[in-house]
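Okay, query-v5.txt now, which holds compact mmCIF, C-alpha atoms:
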```txt
# COMPACT_ATOMS: atom_id res chain seq x y z
CA ARG A 145 -8.37 -15.33 1.37
CA SER A 146 -10.43 -13.07 -0.89
CA VAL A 147 -7.81 -10.34 -0.44
CA LEU A 148 -5.10 -12.63 -1.76
CA LYS A 149 -7.22 -13.82 -4.71
CA ASN A 150 -7.25 -10.56 -6.64
CA PRO A 151 -4.09 -8.51 -6.16
CA LYS A 152 -3.57 -5.65 -8.63
CA ILE A 153 -0.21 -5.79 -10.34
CA LEU A 154 0.98 -2.35 -11.45
CA ALA A 155 4.05 -0.53 -12.79
CA GLN A 156 5.13 -3.29 -15.15
CA GLY A 157 4.86 -5.88 -12.38
CA ARG A 158 6.90 -4.00 -9.79
CA ILE A 159 3.98 -3.04 -7.50
CA CYS A 160 1.34 -5.31 -6.01
CA ALA A 161 -1.66 -3.55 -4.42
CA MET A 162 -4.27 -5.33 -2.34
CA THR A 163 -7.38 -3.86 -0.76
CA VAL A 164 -9.55 -4.78 2.22
CA LYS A 165 -12.96 -3.16 2.38
CA GLN A 166 -14.78 -2.40 5.61
CA LYS A 167 -17.66 -4.62 4.47
CA LEU A 168 -15.34 -7.66 4.31
CA LEU A 169 -13.90 -6.93 7.76
CA GLN A 170 -17.41 -6.74 9.21
CA LYS A 171 -18.53 -9.89 7.40
CA LEU A 172 -15.58 -11.85 8.79
CA GLY A 173 -15.70 -10.19 12.21
CA VAL A 174 -12.06 -9.22 11.89
CA ASP A 175 -10.28 -6.22 13.40
CA PRO A 176 -8.40 -4.14 10.76
CA GLN A 177 -5.09 -4.70 12.58
CA GLU A 178 -5.46 -8.45 12.09
CA VAL A 179 -5.08 -8.16 8.30
CA GLU A 180 -2.01 -5.91 8.20
CA GLY A 181 0.37 -8.87 7.76
CA LEU A 182 -1.27 -9.78 4.45
CA VAL A 183 0.89 -7.17 2.74
CA ASN A 184 3.89 -9.49 3.14
CA TYR A 185 2.35 -12.01 0.73
CA SER A 186 2.52 -9.47 -2.10
CA LEU A 187 6.31 -9.75 -2.14
CA PHE A 188 6.10 -13.48 -2.93
CA LEU A 189 4.94 -12.70 -6.46
CA LYS A 190 7.66 -12.86 -9.09
CA GLY A 191 9.01 -9.43 -10.02
CA VAL A 192 7.14 -7.51 -7.31
CA GLN A 193 9.40 -5.05 -5.52
CA ILE A 194 6.79 -3.09 -3.56
CA GLY A 195 3.74 -4.46 -1.77
CA LEU A 196 0.83 -2.30 -0.68
CA LEU A 197 -2.20 -3.12 1.45
CA PHE A 198 -5.03 -0.60 1.62
CA THR A 199 -7.50 -1.20 4.45
CA GLU A 200 -10.71 0.80 4.54
CA ARG A 201 -11.46 2.22 7.96
CA LYS A 202 -14.61 3.71 9.41
CA GLY A 203 -14.96 7.45 8.94
CA GLY A 204 -13.48 7.59 5.45
CA GLU A 205 -9.87 6.86 6.38
CA THR A 206 -7.59 4.30 4.73
CA LYS A 207 -4.73 2.53 6.47
CA VAL A 208 -1.81 1.82 4.14
CA ASN A 209 0.81 -0.85 4.85
CA LEU A 210 3.87 -0.70 2.62
CA ARG A 211 6.62 -3.26 2.09
CA SER A 212 9.62 -3.41 -0.22
CA GLN A 213 12.35 -5.92 -0.89
CA ASN A 214 14.86 -3.72 -2.62
CA ASP A 215 16.38 -0.27 -2.23
CA PHE A 216 13.02 1.48 -2.50
CA ASP A 217 12.37 3.31 0.79
CA VAL A 218 8.68 2.84 1.66
CA GLY A 219 9.31 4.59 4.98
CA ARG A 220 9.91 7.81 3.09
CA VAL A 221 6.49 7.51 1.44
CA ALA A 222 4.75 6.79 4.76
CA ARG A 223 6.40 9.78 6.46
CA ILE A 224 4.90 12.14 3.85
CA PHE A 225 1.50 11.27 5.33
CA GLY A 226 2.53 11.35 8.99
CA GLY A 227 3.26 7.63 9.17
CA GLY A 228 6.44 5.84 10.01
CA GLY A 229 8.52 2.77 9.64
CA HIS A 230 11.75 2.02 7.87
CA ARG A 231 13.10 1.34 4.39
CA ASN A 232 11.39 -2.02 3.86
CA ALA A 233 8.31 -1.84 6.13
CA ALA A 234 6.14 1.17 6.88
CA GLY A 235 2.59 2.37 7.32
CA CYS A 236 0.43 5.45 7.33
CA THR A 237 -3.21 6.50 7.42
CA LEU A 238 -4.75 8.76 4.79
CA ASN A 239 -7.91 10.74 5.31
CA HIS A 240 -9.17 9.59 1.92
CA SER A 241 -11.42 6.88 0.57
CA LEU A 242 -9.91 3.53 -0.32
CA GLU A 243 -9.73 4.31 -4.04
CA GLU A 244 -8.40 7.85 -3.52
CA ALA A 245 -5.70 6.63 -1.14
CA LYS A 246 -4.72 3.90 -3.57
CA ASP A 247 -4.44 6.40 -6.43
CA ILE A 248 -2.34 8.81 -4.35
CA ILE A 249 0.12 6.23 -3.00
CA VAL A 250 0.50 4.31 -6.26
CA GLU A 251 1.13 7.53 -8.21
CA LEU A 252 3.79 8.64 -5.71
CA ILE A 253 5.58 5.32 -5.91
CA GLN A 254 5.32 5.04 -9.70
CA ARG A 255 6.78 8.53 -10.13
CA ASP A 256 9.60 7.69 -7.75
CA LEU A 257 10.31 4.47 -9.63
CA GLU A 258 10.63 6.65 -12.72
CA ASN A 259 13.37 8.59 -10.90
CA GLU A 260 11.37 11.57 -9.71
CA PRO A 261 12.27 11.79 -6.01
CA VAL A 262 9.33 11.44 -3.61
CA ARG A 263 10.21 14.66 -1.79
CA ASN A 264 9.13 16.65 -4.87
CA LEU A 265 5.86 14.83 -5.44
CA THR A 266 3.71 16.58 -2.86
CA SER A 267 4.67 20.12 -3.84
```

For this file, produce the structure as structure tokens.
Amino acid sequence: RSVLKNPKILAQGRICAMTVKQKLLQKLGVDPQEVEGLVNYSLFLKGVQIGLLFTERKGGETKVNLRSQNDFDVGRVARIFGGGGHRNAAGCTLNHSLEEAKDIIVELIQRDLENEPVRNLTS
């Protein structure tokens, strides 16, 4: 519930980013895989085209779940980081802190929304 209370709306309302910290998972006694479906709720918000869920993992990694409800291919973003999925649902794991991973993924998507293809963003 606390994850759904404070989503970050970005890119003029087109992106919704939610985070789950390791501390919350431990407090609730929840496995990180059990929260992955929360990303779907982000697409219920008016105007949101891309939903992101960043889940902090032990060891400094961050799991990223990506969803879209338009022509934006979140699978393409996930594949850049060794993840997978398809156009509207994908995931990947970054060897970065929660905030770093969020900055990286959001910047990639924002640049792509501004018509700079994702394939050029990591070079």

Q) So what do you get for CA of Gly228 (chain A) versus CA of Lys171 (chain A), distance-wise? A) 29.6 Å

Q | Point-to-point distance in Å for CA of Val183 (chain A) and CA of Thr237 (chain A) | A |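 Here the two named atoms are 15.0 Å from each other.
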
Q | Neighbours of point (-12.0, 7.1, 3.4) within 8 Å, using all atoms listed in the file, written as a list in words | A | Glu200, Arg201, Lys202, Gly203, Gly204, Glu205, Thr206, Leu238, Asn239, His240, Ser241, Leu242, Glu244 and Ala245 of chain A

Q: Would you mind listing what lies within 10 Å of Val221 (chain A) as a PyMOL selection string, with all atoms listed in the file counted and same-chain residues fewer than 4 positions away left out?
A: chain A and resi 210+216-217+225-231+234-236+249+252-253+256+262-263

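The smallest atom-to-atom distance between Phe188 (chain A) and any of A:Val164, A:Pro151, A:Asp215, A:Glu243, using all atoms listed in the file, is found for A:Pro151.
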
Q | CA of Gln177 (chain A) to CA of Gly157 (chain A), straight-line distance in Å | A | 26.9 Å

Q: Choose the residue, out of A:Ala233, A:Ile159, A:Val250, A:Val179, that has the smallest atom-to-atom separation from Thr199 (chain A); count only C-alpha atoms.
A: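 Going through A:Ala233, A:Ile159, A:Val250, A:Val179 one by one, the smallest distance to Thr199 (chain A) is for A:Val179.
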
**Q.** Within 10 Å of Ala155 (chain A) using all atoms listed in the file, minus same-chain residues under 6 positions, as number ranges by chain
**A.** A: 192, 194, 250-251, 253-255, 257-258

(Q) So that I can see what lies close to Arg158 (chain A), please list as a list in words the residues with an atom at most 9 Å from it, counting only C-alpha atoms and leaving out residues fewer than 5 positions away in the same chain. (A)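 Listing them by chain and then by number gives Ile153, Lys190, Gly191, Val192, Gln193, Ile194 and Gly195 of chain A.
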
**Q.** Which of A:Ile248, A:Ile224, A:Leu189, A:Leu197 sits closest to Lys165 (chain A) [using all atoms listed in the file]
**A.**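 Among the listed residues, the smallest separation from Lys165 (chain A) belongs to A:Leu197.
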